[in-house]
Each structure stands twice: as C-alpha cells, then as structure tokens.
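Trainee: What follows is a single structure, and I will ask about it in a moment.
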Amino acid sequence: MPAQQAFARVWPEAQLVNVLDDSLSADRAIADRLTPAMHQRIASLARYGIDLGAAGILYTCSAFGEAIETARANASIPILKPNEAMFEEALASGTRIAMLATFRPSILSMEKEFAEMVEVRGLHASLQSTWVADAMNALRSGDAVKHNRLLAEAAVKLRGYDALMLAQFSTAQAHAEVSAVTDCPVFTSPGSAVVKLKRAIVKQ
C-alpha cells in the first residue's frame, strides 16, 4: 500500500491503524457530487480515529476534500486531506503545475482545492490536469506494470512544467517510471503527506 510504504520510508516509528470504508470511492464514482451521507461517513471515520486515540489522521482518497475539511474543523488533532501537502511542495517548485489522475471524479475537487490554496497564498499559478484513462482499471485487475506504463506515457506529453503531481495515492508506485521521462520534480500524495503529518505531530 502506498501510504504504508511512505510511512515505512519517512516515519517508520509511527504506529499505523487503517480505518476503511471501501465502498466510499465506489459510491463517489457514480455520484455527481459529495452527498450529505458521504460527508457524514467521512466525519464518522474521523470520530472513530479520534476515539481510538490517534495522534493524527491522514485520509487517502482524493475525492472527498470538502468533507474532510468539515470533519477536521473542530478536531483536536491534525487531520490532513490527501493532497494538500503535495500541492504545497509543488507550488514551492514553481507556478506551472501538471497533474496526472487515474480516478476521474477526484479531478474537479482537487482542482478546486488547488485553486483555493493558490488564492489564499496570493499566487498566480496554473494547474493542467490529465485523466489517464484505463490506468485505474489496470491496477484493479492486478496489472501494475500497465498502470505505471500508462502514467509514464501520459507524462511524456507534458513539457515545460515546474512540477508534476501524481494525484491518487495508488499512483505513487509509478513515481520512478514517471520521473524517468519528465524534466521536472514529481510529487506524490503519500510521500508529501507523511512528511507534513510527522512535522505536525512531532512538534506538538
């Protein structure tokens, strides 16, 4: 799992507990918006994590940004959206950012989240999103080689950007293949998120 791999590399001392609602992404894939029920389910996951005694929470699906913001509004522990740390690192590299996504419903919410971050920071930055069709299906069928190849093929077409982001946690496994064909830094959600979560918790 990309998140566990990132923790093992960046913060091996962390004790991980995985809380899963594996039907959320499937429900989001067929819905045209985040429903009140989805908001409630995201909030329930946060409450459960807090009840377990978690020092911090990292959500790993890119399509629930607004619901995660609501869940963390009154939380007493750090709660991170999947991509905010990656956005921050990409923007530190420049203002022309590209993004490869394999889960199409996440694109609009991520673009909105990115635009809000840019506005808050008073930046003039652009985001070019590309949906890599069939990559998610390949991964779900167990063909990680094809998944990574499709992402690399899409990345080859992207030139002149200051940074490239791999949108989903699952796309982090293609980091090496994508980095090999690009001329800019490549950032992943889990890699950036674990670094930020560690800083937020360790300094408390």
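Lettering and numbering for the structure tokens are positional, with chains as A, B, ... in the shown order, residues counted from 1 in each chain, and ligands counted from 1 in the shown order.
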From a backbone DSSP assignment, name each residue in segment 25-171 of chain A labelled strand (DSSP E or B), as a VMD selection string.
Mentor: chain A and resid 57 to 58 79 to 80 96 to 101 126 to 131 163 to 166
Trainee: Quick one: residues within 9 Å of segment 3-7 of chain A, only C-alpha atoms, excluding same-chain residues fewer than 2 positions away - as a PyMOL selection string?
Mentor: chain A and resi 1+9-14+16+60+169-170+172+189-195
Trainee: Excluding Leu58 of chain A and any residue of its chain fewer than 4 positions from it, enumerate the residues within 12 Å of it, using only C-alpha atoms, and give them as a PyMOL selection string.
Mentor: chain A and resi 3-4+7+16-20+42+45-46+49-50+54+62+65+68-69+71-72+77-85+169+189-198+200-201
Trainee: Selection from above, C-alpha atoms, as a tab-separated table (two decimals), in the first residue's frame, can you write it?
Mentor:
chain	number	residue	atom	x	y	z
A	3	ALA	CA	0.60	5.07	2.37
A	4	GLN	CA	2.24	2.30	4.39
A	7	PHE	CA	5.37	5.78	6.38
A	16	LEU	CA	-0.45	2.78	11.98
A	17	VAL	CA	-4.11	1.84	12.24
A	18	ASN	CA	-6.04	1.55	8.99
A	19	VAL	CA	-9.72	2.51	9.14
A	20	LEU	CA	-11.51	1.59	5.94
A	42	ILE	CA	-16.11	10.87	6.36
A	45	LEU	CA	-14.22	7.86	10.20
A	46	ALA	CA	-12.56	10.85	11.87
A	49	GLY	CA	-9.94	7.50	14.69
A	50	ILE	CA	-10.05	10.06	17.48
A	54	ALA	CA	-4.97	8.64	17.18
A	62	SER	CA	-8.60	12.40	-3.27
A	65	GLY	CA	-11.73	17.23	0.14
A	68	ILE	CA	-12.54	16.17	5.15
A	69	GLU	CA	-12.37	19.92	5.77
A	71	ALA	CA	-14.56	16.70	9.61
A	72	ARG	CA	-11.41	18.42	10.83
A	77	ILE	CA	-5.67	16.54	16.34
A	78	PRO	CA	-4.10	17.14	12.92
A	79	ILE	CA	-6.25	15.81	10.09
A	80	LEU	CA	-4.83	16.00	6.58
A	81	LYS	CA	-6.53	15.88	3.24
A	82	PRO	CA	-4.69	13.55	0.87
A	83	ASN	CA	-3.22	16.17	-1.42
A	84	GLU	CA	-2.67	19.41	0.47
A	85	ALA	CA	0.97	18.64	1.32
A	169	PHE	CA	-2.22	7.56	-3.52
A	189	SER	CA	0.37	12.42	-2.27
A	190	PRO	CA	1.61	9.88	0.30
A	191	GLY	CA	5.23	10.98	0.19
A	192	SER	CA	4.39	14.63	0.83
A	193	ALA	CA	1.57	13.91	3.30
A	194	VAL	CA	3.57	11.70	5.64
A	195	VAL	CA	6.30	14.34	5.90
A	196	LYS	CA	3.74	17.02	6.79
A	197	LEU	CA	1.86	14.82	9.26
A	198	LYS	CA	5.08	13.89	11.06
A	200	ALA	CA	2.54	18.42	12.73
A	201	ILE	CA	2.54	15.65	15.35
Trainee: Could you give me, as a count of residues only, the residues within 9 Å of Leu34 of chain A, counting only C-alpha atoms and dropping anything in the same chain fewer than 3 positions from it?
Mentor: 9
Trainee: At a cut-off of 12 Å, can you tabulate as a tab-separated table every residue of segment 128-198 of chain A near segment 112-122 of chain A together with its closest atom pair and the distance in Å to one decimal, using only C-alpha atoms and ordering rows by chain then number?
Mentor:
residue	atom	partner	partner_atom	distance
A:Gln128	CA	A:Phe114	CA	11.0
A:Ser129	CA	A:Phe114	CA	11.1
A:Met165	CA	A:Phe114	CA	11.6
A:Ala167	CA	A:Phe114	CA	11.6
Trainee: Restrict the selected residues to N, CA and C atoms and save them as a PDB file, in the first residue's frame.
Mentor:
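Final output, saved to part00.pdb:
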ATOM      1  N   GLN A 128      -2.662  22.050 -14.854  1.00  0.00           N
ATOM      2  CA  GLN A 128      -3.121  21.302 -16.024  1.00  0.00           C
ATOM      3  C   GLN A 128      -3.348  19.852 -15.606  1.00  0.00           C
ATOM      4  N   SER A 129      -4.617  19.440 -15.605  1.00  0.00           N
ATOM      5  CA  SER A 129      -4.960  18.084 -15.178  1.00  0.00           C
ATOM      6  C   SER A 129      -5.150  17.170 -16.378  1.00  0.00           C
ATOM      7  N   MET A 165       2.419  16.361 -10.503  1.00  0.00           N
ATOM      8  CA  MET A 165       1.846  15.675  -9.349  1.00  0.00           C
ATOM      9  C   MET A 165       1.128  14.408  -9.794  1.00  0.00           C
ATOM     10  N   ALA A 167      -1.791  12.238  -8.759  1.00  0.00           N
ATOM     11  CA  ALA A 167      -2.928  12.637  -7.930  1.00  0.00           C
ATOM     12  C   ALA A 167      -3.334  11.618  -6.873  1.00  0.00           C
TER      13      ALA A 167
END
